[in-house]
$ cat work-v1.txt   # compact mmCIF, C-alpha atoms
# COMPACT_ATOMS: atom_id res chain seq x y z
CA MET W 256 51.26 -67.80 7.01
CA LYS W 257 47.58 -67.64 6.06
CA ILE W 258 46.58 -67.17 9.73
CA THR W 259 49.09 -64.32 10.09
CA ASN W 260 47.68 -62.56 7.01
CA LEU W 261 44.12 -63.02 8.29
CA LEU W 262 45.00 -61.51 11.66
CA ALA W 263 46.72 -58.58 9.97
CA SER W 264 43.64 -57.94 7.81
CA LEU W 265 41.34 -58.05 10.84
CA CYS W 266 43.54 -55.57 12.67
CA CYS W 267 43.40 -53.17 9.71
CA ILE W 268 39.60 -53.40 9.54
CA MET W 269 39.25 -52.77 13.30
CA LEU W 270 41.59 -49.78 13.05
CA MET W 271 39.57 -48.31 10.17
CA LEU W 272 36.31 -48.77 12.09
CA SER W 273 37.82 -47.14 15.15
CA CYS W 274 38.98 -44.12 13.15
CA SER W 275 35.55 -43.80 11.52
CA THR W 276 33.79 -43.93 14.89
CA ASP W 277 36.12 -41.32 16.39
CA LYS W 278 35.47 -39.01 13.44
CA ASP W 279 31.68 -39.33 13.73
CA ASP W 280 31.72 -38.58 17.47
CA SER W 281 34.07 -35.60 17.29
CA PRO W 282 32.72 -32.06 17.80
CA ASN W 283 31.92 -29.99 14.75
CA ALA W 284 35.29 -28.61 13.67
CA SER W 285 33.64 -25.69 11.84
CA PRO W 286 30.47 -24.75 13.77
CA ASN W 287 27.94 -22.44 12.17
CA LEU W 288 25.59 -19.69 13.21
CA ILE W 289 22.14 -20.58 11.85
CA ILE W 290 19.41 -17.93 11.57
CA LYS W 291 15.80 -19.09 11.23
CA PHE W 292 12.53 -17.19 10.78
CA LYS W 293 9.33 -17.74 12.72
CA PHE W 294 5.98 -15.96 12.23
CA ASP W 295 3.81 -15.94 15.35
CA PRO W 296 0.17 -14.73 15.24
CA ASN W 297 -0.01 -14.95 19.05
CA GLN W 298 3.06 -12.84 19.82
CA GLU W 299 2.25 -9.43 21.29
CA ARG W 300 1.10 -6.76 18.83
CA LEU W 301 3.38 -3.74 19.26
CA ASN W 302 3.68 -0.25 17.81
CA ASN W 303 6.80 1.63 16.69
CA LEU W 304 7.78 2.34 20.31
CA VAL W 305 7.25 -1.32 21.30
CA GLN W 306 4.14 -0.56 23.32
CA PRO W 307 1.02 -2.77 23.12
CA SER W 308 -0.95 -1.57 20.11
CA SER W 309 -4.68 -1.55 19.51
CA ILE W 310 -6.33 -1.06 16.11
CA PRO W 311 -7.25 2.60 15.44
CA ASP W 312 -10.88 3.61 15.05
CA GLY W 313 -11.94 3.34 11.42
CA ASN W 314 -9.47 0.55 10.69
CA ASP W 315 -9.46 -3.21 11.06
CA ALA W 316 -6.77 -5.88 10.79
CA GLN W 317 -6.11 -9.59 10.46
CA SER W 318 -3.19 -11.96 11.02
CA PRO W 319 -1.89 -13.17 7.64
CA THR W 320 -0.28 -16.54 6.99
CA VAL W 321 3.26 -15.68 5.92
CA ALA W 322 4.61 -18.07 3.29
CA LYS W 323 8.03 -16.44 2.91
CA MET W 324 9.97 -13.36 3.90
CA SER W 325 13.20 -11.67 2.92
CA ALA W 326 15.56 -9.57 5.01
CA ASN W 327 18.28 -7.29 3.68
CA TYR W 328 20.38 -6.73 6.79
CA ILE W 329 21.02 -8.43 10.16
CA GLU W 330 23.11 -6.90 12.92
CA PHE W 331 23.96 -7.87 16.52
CA THR W 332 24.58 -4.98 18.93
CA PRO W 333 26.06 -5.06 22.45
CA ASP W 334 24.08 -2.24 24.05
CA ALA W 335 21.29 0.28 23.63
CA PHE W 336 23.63 3.05 22.49
CA THR W 337 25.20 1.22 19.55
CA GLY W 338 24.31 3.16 16.41
CA LEU W 339 22.89 1.50 13.32
CA GLY W 340 25.81 -0.09 11.46
CA ASP W 341 28.21 0.09 14.42
CA GLY W 342 27.44 -3.42 15.71
CA GLU W 343 28.37 -6.81 14.30
CA ILE W 344 26.81 -7.02 10.84
CA ILE W 345 26.31 -10.69 9.98
CA TYR W 346 24.34 -10.27 6.76
CA GLU W 347 23.87 -7.67 4.02
CA GLY W 348 21.71 -8.41 1.00
CA ALA W 349 22.29 -7.36 -2.59
CA GLU W 350 21.60 -3.74 -3.57
CA THR W 351 21.54 -1.96 -6.91
CA THR W 352 21.26 1.49 -8.50
CA GLU W 353 19.63 0.08 -11.65
CA GLY W 354 16.42 1.96 -10.87
CA GLY W 355 18.11 5.23 -9.88
CA ASP W 356 18.59 5.58 -6.12
CA THR W 357 20.21 2.73 -4.18
CA ALA W 358 17.64 0.00 -3.58
CA ILE W 359 17.30 -3.60 -2.48
CA ASP W 360 17.89 -5.88 -5.45
CA PHE W 361 14.71 -7.94 -5.22
CA GLN W 362 15.65 -10.37 -7.98
CA ASN W 363 18.72 -11.48 -5.97
CA ALA W 364 17.08 -11.53 -2.52
CA LYS W 365 17.17 -14.49 -0.10
CA PHE W 366 13.89 -15.89 1.26
CA ALA W 367 12.77 -18.22 4.03
CA GLY W 368 9.43 -19.47 5.27
CA ASP W 369 8.11 -20.23 8.74
CA ASN W 370 10.65 -22.23 10.81
CA GLU W 371 13.00 -22.30 7.82
CA THR W 372 16.67 -21.36 7.74
CA PHE W 373 17.42 -17.96 6.24
CA LEU W 374 21.17 -17.78 6.85
CA THR W 375 24.05 -20.11 7.72
CA ILE W 376 27.52 -18.68 8.29
CA PRO W 377 30.64 -19.97 10.10
CA LEU W 378 30.74 -18.81 13.72
CA SER W 379 34.37 -17.90 13.08
CA GLU W 380 33.09 -15.00 10.94
CA VAL W 381 31.20 -13.47 13.88
CA ALA W 382 33.23 -11.35 16.31
CA ALA W 383 33.48 -12.75 19.84
CA GLY W 384 31.48 -10.70 22.31
CA SER W 385 28.26 -10.33 24.23
CA TYR W 386 25.20 -9.08 22.35
CA ASN W 387 21.92 -7.85 23.81
CA TRP W 388 20.05 -6.78 20.68
CA VAL W 389 19.45 -7.82 17.09
CA ARG W 390 18.40 -5.57 14.22
CA VAL W 391 16.76 -6.92 11.09
CA SER W 392 16.05 -4.82 8.01
CA LEU W 393 12.99 -6.41 6.46
CA ALA W 394 12.51 -6.34 2.71
CA TYR W 395 9.56 -8.44 1.54
CA GLN W 396 6.68 -10.53 2.83
CA GLU W 397 4.31 -12.82 0.97
CA GLY W 398 1.36 -14.66 2.43
CA GLY W 399 -2.32 -15.35 2.57
CA ILE W 400 -5.13 -13.06 3.67
CA LYS W 401 -8.92 -13.32 3.63
CA LEU W 402 -11.16 -10.82 1.89
CA LEU W 403 -14.83 -10.27 1.19
CA HIS W 404 -15.86 -10.31 -2.47
CA THR W 405 -19.47 -10.25 -3.69
CA GLY W 406 -20.60 -11.44 -0.30
CA ASN W 407 -18.19 -14.37 -0.15
CA VAL W 408 -15.04 -14.75 1.96
CA ILE W 409 -12.20 -15.88 -0.29
CA ASN W 410 -8.47 -16.44 0.10
CA GLY W 411 -5.99 -14.08 -1.52
CA THR W 412 -2.23 -13.68 -1.61
CA LEU W 413 -0.53 -10.43 -0.67
CA ALA W 414 3.02 -9.43 -1.58
CA SER W 415 4.30 -6.50 0.46
CA PHE W 416 7.57 -4.68 -0.12
CA VAL W 417 8.43 -3.25 3.29
CA GLY W 418 12.11 -2.45 2.64
CA TYR W 419 13.36 1.14 2.43
CA ASN W 420 13.45 0.99 -1.38
CA SER W 421 13.25 -2.01 -3.73
CA TYR W 422 14.29 -2.34 -7.34
CA ILE W 423 11.87 -4.82 -8.93
CA THR W 424 11.99 -6.12 -12.48
CA SER W 425 9.04 -8.48 -12.09
CA PHE W 426 7.53 -10.95 -9.65
CA ASP W 427 4.93 -13.69 -9.70
CA ILE W 428 1.97 -14.36 -7.40
CA ASN W 429 0.10 -17.61 -8.05
CA GLY W 430 0.94 -17.52 -11.75
CA SER W 431 0.11 -13.83 -12.21
CA THR W 432 3.13 -11.77 -13.27
CA PHE W 433 3.64 -8.16 -12.17
CA ASP W 434 6.08 -6.20 -14.35
CA VAL W 435 7.57 -3.18 -12.59
CA ASN W 436 11.12 -2.49 -13.83
CA ALA W 437 11.55 0.38 -11.39
CA ASN W 438 12.23 1.31 -7.78
CA ARG W 439 9.38 1.13 -5.28
CA LEU W 440 9.48 2.72 -1.84
CA GLN W 441 8.40 1.07 1.39
CA GLY W 442 4.71 0.17 1.36
CA PHE W 443 4.35 -1.02 -2.23
CA TRP W 444 2.04 -4.04 -2.41
CA ALA W 445 0.42 -6.38 -4.90
CA PHE W 446 -2.48 -8.76 -4.53
CA GLU W 447 -3.97 -11.79 -6.29
CA ALA W 448 -7.19 -13.73 -5.70
CA LEU W 449 -9.08 -15.98 -8.14
CA GLY W 450 -7.05 -14.53 -11.02
CA PHE W 451 -7.90 -10.94 -10.08
CA THR W 452 -4.86 -8.75 -9.39
CA SER W 453 -4.28 -5.28 -8.02
CA GLN W 454 -1.40 -3.22 -6.68
CA GLY W 455 -0.93 -0.05 -4.70
CA GLN W 456 1.16 1.99 -2.31
CA ALA W 457 0.54 2.34 1.43
CA PRO W 458 0.89 5.89 2.83
CA GLU W 459 4.43 7.08 3.60
CA GLY W 460 5.43 6.31 7.17
CA ALA W 461 2.44 4.03 7.76
CA THR W 462 4.42 0.77 7.96
CA THR W 463 4.99 -0.23 11.59
CA VAL W 464 8.67 -0.74 12.52
CA PRO W 465 9.07 -1.60 16.24
CA ASN W 466 12.23 -0.15 17.79
CA PRO W 467 12.60 -0.28 21.59
CA LEU W 468 15.79 1.82 21.27
CA PHE W 469 14.03 4.77 19.66
CA ASP W 470 15.56 7.28 22.10
CA SER W 471 19.12 5.93 22.22
CA SER W 472 19.50 4.42 18.73
CA PRO W 473 16.91 5.83 16.33
CA ILE W 474 16.31 4.24 12.94
CA PRO W 475 15.90 6.32 9.76
CA GLN W 476 12.31 6.82 8.63
CA GLY W 477 11.24 4.24 6.06
CA SER W 478 14.09 1.82 6.76
CA CYS W 479 12.03 -1.04 8.26
CA VAL W 480 14.84 -2.04 10.65
CA VAL W 481 13.01 -3.98 13.37
CA THR W 482 14.86 -4.31 16.70
CA GLY W 483 14.51 -7.08 19.29
CA GLN W 484 16.19 -7.91 22.61
CA PHE W 485 17.61 -11.27 23.68
CA ASP W 486 16.14 -12.57 26.96
CA SER W 487 19.73 -12.73 28.25
CA PRO W 488 22.96 -11.59 26.57
CA PHE W 489 23.94 -13.77 23.62
CA THR W 490 27.64 -14.50 23.96
CA ILE W 491 30.13 -15.81 21.43
CA SER W 492 33.43 -16.89 22.97
CA GLY W 493 35.23 -17.83 19.77
CA ASN W 494 35.81 -21.36 21.11
CA GLU W 495 32.47 -22.89 20.12
CA THR W 496 32.47 -26.47 18.85
CA GLN W 497 28.77 -26.83 18.02
CA ASP W 498 26.33 -24.94 15.81
CA ILE W 499 24.28 -22.13 17.37
CA VAL W 500 20.70 -21.62 16.17
CA ILE W 501 18.91 -18.29 16.61
CA THR W 502 15.24 -18.10 15.71
CA LEU W 503 13.98 -14.63 14.86
CA SER W 504 10.35 -14.74 15.94
CA PHE W 505 8.26 -12.00 14.32
CA SER W 506 4.81 -11.00 15.49
CA ILE W 507 2.19 -11.16 12.73
CA ASN W 508 -0.59 -10.45 15.24
CA LYS W 509 -3.10 -8.51 13.12
CA SER W 510 -0.21 -7.11 11.11
CA PHE W 511 -2.27 -6.62 7.92
CA GLU W 512 -4.35 -3.47 8.49
CA TRP W 513 -6.82 -1.59 6.30
CA THR W 514 -9.30 1.28 6.41
CA GLU W 515 -12.92 0.19 6.88
CA VAL W 516 -15.67 1.43 4.57
CA ASN W 517 -18.20 -1.22 5.52
CA VAL W 518 -17.61 -1.68 9.25
CA ASP W 519 -17.78 -5.47 9.36
CA GLY W 520 -14.23 -6.61 10.15
CA ARG W 521 -13.75 -7.92 6.61
CA TYR W 522 -11.23 -6.61 4.10
CA GLU W 523 -13.30 -5.59 1.08
CA PRO W 524 -11.15 -3.94 -1.63
CA ALA W 525 -14.11 -3.64 -4.02
CA ALA W 526 -15.73 -1.29 -1.51
CA GLY W 527 -12.70 1.00 -1.57
CA GLU W 528 -11.04 -0.28 1.60
CA GLN W 529 -7.34 0.61 1.46
CA VAL W 530 -4.26 -1.18 2.81
CA VAL W 531 -2.50 1.06 5.35
CA ASP W 532 -0.04 -1.18 7.22
CA MET W 533 1.81 -4.40 6.51
CA GLY W 534 4.62 -4.04 9.06
CA LEU W 535 5.55 -6.82 11.44
CA ARG W 536 4.49 -6.19 15.03
CA GLY W 537 7.55 -7.14 17.05
CA LEU W 538 10.74 -9.20 17.08
CA LYS W 539 11.90 -11.70 19.69
CA PRO W 540 15.29 -13.42 19.09
CA ILE W 541 15.43 -16.91 20.64
CA VAL W 542 18.70 -18.80 21.09
CA GLY W 543 18.61 -22.55 20.74
CA ASN W 544 15.46 -23.19 18.70

$ encode --input "work-v1.txt" --output "structure tokens"
Amino acid sequence: MKITNLLASLCCIMLMLSCSTDKDDSPNASPNLIIKFKFDPNQERLNNLVQPSSIPDGNDAQSPTVAKMSANYIEFTPDAFTGLGDGEIIYEGAETTEGGDTAIDFQNAKFAGDNETFLTIPLSEVAAGSYNWVRVSLAYQEGGIKLLHTGNVINGTLASFVGYNSYITSFDINGSTFDVNANRLQGFWAFEALGFTSQGQAPEGATTVPNPLFDSSPIPQGSCVVTGQFDSPFTISGNETQDIVITLSFSINKSFEWTEVNVDGRYEPAAGEQVVDMGLRGLKPIVGN
């Protein structure tokens, strides 16, 4: 009787282990689409029409180190003639009219750093189809830049609001608080270095927004909707069993640009050198990274 009970117990344990092993090895029953950000200082520097871009005479630029970024809108589109909003919208950030006109709600924005995940959604929520392009409406960037101050090169932190319009109550850079409590249009920026702070507004239309579909699918002025093309069509069948990762690689190749007063290749705000462009310089979507 004891032997029979022992054998029965062993059979139950083996059955439980077998079920556990089968469960661990099974495909993901609810696969996700995972969107990551990457900031590449070596990616090609492009202009609004996605042509190689040099730095204009009288200006200079540097590649910042981006600590975090926020996007307010991500859309997949099948072809070059799909209008803005007519593709597969996979993400829309919070907006508000608290400051008057409709604006990005900065206090409720999502952020991600370099090689970090910005968005995870079930693949079942994305329409099956073949997509050639991705559009990303950028909202905010924060990162490090170098500047010249009293003859010394020091590190500073720049916050740039590149979205079409942002409602900001307040934000913090390295312990320094900026109170705004209002809407700010594309190009608003704030800066901190060694406890010194400043803020300003880049000229209207100066922020670079690369769009290779300018002729077939134009983007409204000031929207900061950057467009990038997949190397080959990205296809969702609707029968996926594993997660799909898409890395949105943004060019930060000399993306921080200013007017030169002292022509020395150094950003020197004390000399009256003004920020003119903080826009990212291209977008390359990569499947599988």

$ closest_residue --input "work-v1.txt" --among "W:Val417, W:Ile310, W:Leu402, W:Ala322" --to "Lys293 in chain W" --atoms "all atoms listed in the file"
W:Ala322

$ closest_residue --input "work-v1.txt" --among "W:Gly399, W:Ser392, W:Gly406, W:Gly384" --to "Ile428 in chain W" --atoms "all atoms listed in the file"
W:Gly399

$ closest_atom_pairs --input "work-v1.txt" --of "range 358-402 of chain W" --to "range 494-513 of chain W" --cutoff "10 Å" --atoms "only C-alpha atoms" --output "JSON lines"
{"residue": "W:Asp369", "atom": "CA", "partner": "W:Ser504", "partner_atom": "CA", "distance": 9.3}
{"residue": "W:Asn370", "atom": "CA", "partner": "W:Thr502", "partner_atom": "CA", "distance": 7.9}
{"residue": "W:Glu371", "atom": "CA", "partner": "W:Thr502", "partner_atom": "CA", "distance": 9.2}
{"residue": "W:Thr372", "atom": "CA", "partner": "W:Thr502", "partner_atom": "CA", "distance": 8.7}
{"residue": "W:Phe373", "atom": "CA", "partner": "W:Thr502", "partner_atom": "CA", "distance": 9.7}
{"residue": "W:Thr375", "atom": "CA", "partner": "W:Val500", "partner_atom": "CA", "distance": 9.2}
{"residue": "W:Ile376", "atom": "CA", "partner": "W:Asp498", "partner_atom": "CA", "distance": 9.9}
{"residue": "W:Pro377", "atom": "CA", "partner": "W:Asp498", "partner_atom": "CA", "distance": 8.7}
{"residue": "W:Leu378", "atom": "CA", "partner": "W:Glu495", "partner_atom": "CA", "distance": 7.8}
{"residue": "W:Ser379", "atom": "CA", "partner": "W:Glu495", "partner_atom": "CA", "distance": 8.8}
{"residue": "W:Ala383", "atom": "CA", "partner": "W:Asn494", "partner_atom": "CA", "distance": 9.0}
{"residue": "W:Val389", "atom": "CA", "partner": "W:Leu503", "partner_atom": "CA", "distance": 9.0}
{"residue": "W:Val391", "atom": "CA", "partner": "W:Leu503", "partner_atom": "CA", "distance": 9.0}
{"residue": "W:Ile400", "atom": "CA", "partner": "W:Phe511", "partner_atom": "CA", "distance": 8.2}

$ atom_distance --input "work-v1.txt" --atom1 "CA of Asn297 in chain W" --atom2 "CA of Met533 in chain W"
16.5 Å

$ atom_distance --input "work-v1.txt" --atom1 "CA of Gly534 in chain W" --atom2 "CA of Phe416 in chain W"
9.7 Å

$ atom_distance --input "work-v1.txt" --atom1 "CA of Leu413 in chain W" --atom2 "CA of Ile289 in chain W"
27.8 Å

$ closest_atom_pairs --input "work-v1.txt" --of "range 309-417 of chain W" --to "range 434-451 of chain W" --cutoff "10 Å" --atoms "all atoms listed in the file" --output "CSV"
residue,atom,partner,partner_atom,distance
W:Thr351,CA,W:Asn438,CA,9.9
W:Thr352,CA,W:Asn438,CA,9.1
W:Glu353,CA,W:Ala437,CA,8.1
W:Gly354,CA,W:Ala437,CA,5.1
W:Gly355,CA,W:Asn438,CA,7.4
W:Asp356,CA,W:Asn438,CA,7.8
W:Thr357,CA,W:Asn438,CA,8.9
W:Ala358,CA,W:Asn438,CA,7.0
W:Ile359,CA,W:Asn438,CA,8.8
W:Asp360,CA,W:Asn438,CA,9.4
W:Phe361,CA,W:Asn438,CA,9.9
W:Ala394,CA,W:Gln441,CA,8.6
W:Tyr395,CA,W:Trp444,CA,9.6
W:Gln396,CA,W:Trp444,CA,9.5
W:Glu397,CA,W:Ala445,CA,9.5
W:Gly398,CA,W:Phe446,CA,9.9
W:Gly399,CA,W:Phe446,CA,9.7
W:Ile400,CA,W:Ala448,CA,9.6
W:Lys401,CA,W:Ala448,CA,9.5
W:Leu402,CA,W:Ala448,CA,9.0
W:His404,CA,W:Ala448,CA,9.9
W:Ile409,CA,W:Ala448,CA,7.7
W:Asn410,CA,W:Ala448,CA,6.5
W:Gly411,CA,W:Ala448,CA,4.4
W:Thr412,CA,W:Glu447,CA,5.3
W:Leu413,CA,W:Phe446,CA,4.6
W:Ala414,CA,W:Ala445,CA,5.2
W:Ser415,CA,W:Trp444,CA,4.4
W:Phe416,CA,W:Phe443,CA,5.3
W:Val417,CA,W:Gln441,CA,4.7

$ residues_around --input "work-v1.txt" --residues "range 469-471 of chain W" --least-positions-apart "5" --cutoff "9 Å" --atoms "all atoms listed in the file" --output "list in words"
Asn303, Leu304, Ala335, Phe336, Thr337 and Gly338 of chain W

$ closest_residue --input "work-v1.txt" --among "W:Pro307, W:Pro319, W:Asn387, W:Phe489" --to "Gly543 in chain W" --atoms "only C-alpha atoms"
W:Phe489

$ closest_residue --input "work-v1.txt" --among "W:Gly368, W:Gly348, W:Gly527, W:Pro458" --to "Glu515 in chain W" --atoms "all atoms listed in the file"
W:Gly527

$ closest_residue --input "work-v1.txt" --among "W:Leu535, W:Ile541, W:Ala526, W:Val481" --to "Glu299 in chain W" --atoms "all atoms listed in the file"
W:Leu535

$ axis_aligned_box --input "work-v1.txt" --around "range 452-459 of chain W" --padding-each-side "5 Å" --output "AutoDock Vina command-line options"
--center_x -0.2 --center_y -0.8 --center_z -2.9 --size_x 19.3 --size_y 25.8 --size_z 23.0

$ closest_residue --input "work-v1.txt" --among "W:Asn466, W:Ser492, W:Ser425, W:Gln484" --to "Asp334 in chain W" --atoms "only C-alpha atoms"
W:Gln484

$ residues_around --input "work-v1.txt" --residues "Val516 in chain W" --least-positions-apart "2" --cutoff "12 Å" --atoms "only C-alpha atoms" --output "list of chain:residue names"
W:Asp312, W:Gly313, W:Asn314, W:Asp315, W:Trp513, W:Thr514, W:Val518, W:Asp519, W:Gly520, W:Arg521, W:Tyr522, W:Glu523, W:Pro524, W:Ala525, W:Ala526, W:Gly527, W:Glu528, W:Gln529, W:Val530

$ build_atoms --input "work-v1.txt" --residues "range 420-432 of chain W" --atoms "N, CA and C atoms" --output "PDB file, in the coordinates of the input"
ATOM      1  N   ASN W 420      13.572   0.719   0.052  1.00  0.00           N
ATOM      2  CA  ASN W 420      13.450   0.990  -1.380  1.00  0.00           C
ATOM      3  C   ASN W 420      13.795  -0.310  -2.089  1.00  0.00           C
ATOM      4  N   SER W 421      13.003  -0.732  -3.048  1.00  0.00           N
ATOM      5  CA  SER W 421      13.250  -2.010  -3.730  1.00  0.00           C
ATOM      6  C   SER W 421      13.247  -1.812  -5.231  1.00  0.00           C
ATOM      7  N   TYR W 422      14.293  -2.322  -5.879  1.00  0.00           N
ATOM      8  CA  TYR W 422      14.290  -2.340  -7.340  1.00  0.00           C
ATOM      9  C   TYR W 422      13.704  -3.686  -7.774  1.00  0.00           C
ATOM     10  N   ILE W 423      12.614  -3.623  -8.542  1.00  0.00           N
ATOM     11  CA  ILE W 423      11.870  -4.820  -8.930  1.00  0.00           C
ATOM     12  C   ILE W 423      11.781  -4.862 -10.448  1.00  0.00           C
ATOM     13  N   THR W 424      12.232  -5.936 -11.039  1.00  0.00           N
ATOM     14  CA  THR W 424      11.990  -6.120 -12.480  1.00  0.00           C
ATOM     15  C   THR W 424      10.579  -6.693 -12.644  1.00  0.00           C
ATOM     16  N   SER W 425      10.364  -7.876 -12.074  1.00  0.00           N
ATOM     17  CA  SER W 425       9.040  -8.480 -12.090  1.00  0.00           C
ATOM     18  C   SER W 425       8.948  -9.500 -10.967  1.00  0.00           C
ATOM     19  N   PHE W 426       7.734  -9.889 -10.624  1.00  0.00           N
ATOM     20  CA  PHE W 426       7.530 -10.950  -9.650  1.00  0.00           C
ATOM     21  C   PHE W 426       6.217 -11.643  -9.951  1.00  0.00           C
ATOM     22  N   ASP W 427       6.070 -12.819  -9.381  1.00  0.00           N
ATOM     23  CA  ASP W 427       4.930 -13.690  -9.700  1.00  0.00           C
ATOM     24  C   ASP W 427       4.153 -14.012  -8.436  1.00  0.00           C
ATOM     25  N   ILE W 428       2.835 -13.912  -8.490  1.00  0.00           N
ATOM     26  CA  ILE W 428       1.970 -14.360  -7.400  1.00  0.00           C
ATOM     27  C   ILE W 428       0.959 -15.329  -7.989  1.00  0.00           C
ATOM     28  N   ASN W 429       1.063 -16.581  -7.612  1.00  0.00           N
ATOM     29  CA  ASN W 429       0.100 -17.610  -8.050  1.00  0.00           C
ATOM     30  C   ASN W 429      -0.088 -17.638  -9.566  1.00  0.00           C
ATOM     31  N   GLY W 430       1.005 -17.464 -10.300  1.00  0.00           N
ATOM     32  CA  GLY W 430       0.940 -17.520 -11.750  1.00  0.00           C
ATOM     33  C   GLY W 430       0.644 -16.200 -12.429  1.00  0.00           C
ATOM     34  N   SER W 431       0.337 -15.169 -11.649  1.00  0.00           N
ATOM     35  CA  SER W 431       0.110 -13.830 -12.210  1.00  0.00           C
ATOM     36  C   SER W 431       1.402 -13.025 -12.104  1.00  0.00           C
ATOM     37  N   THR W 432       1.863 -12.490 -13.223  1.00  0.00           N
ATOM     38  CA  THR W 432       3.130 -11.770 -13.270  1.00  0.00           C
ATOM     39  C   THR W 432       2.894 -10.263 -13.170  1.00  0.00           C
TER      40      THR W 432
END
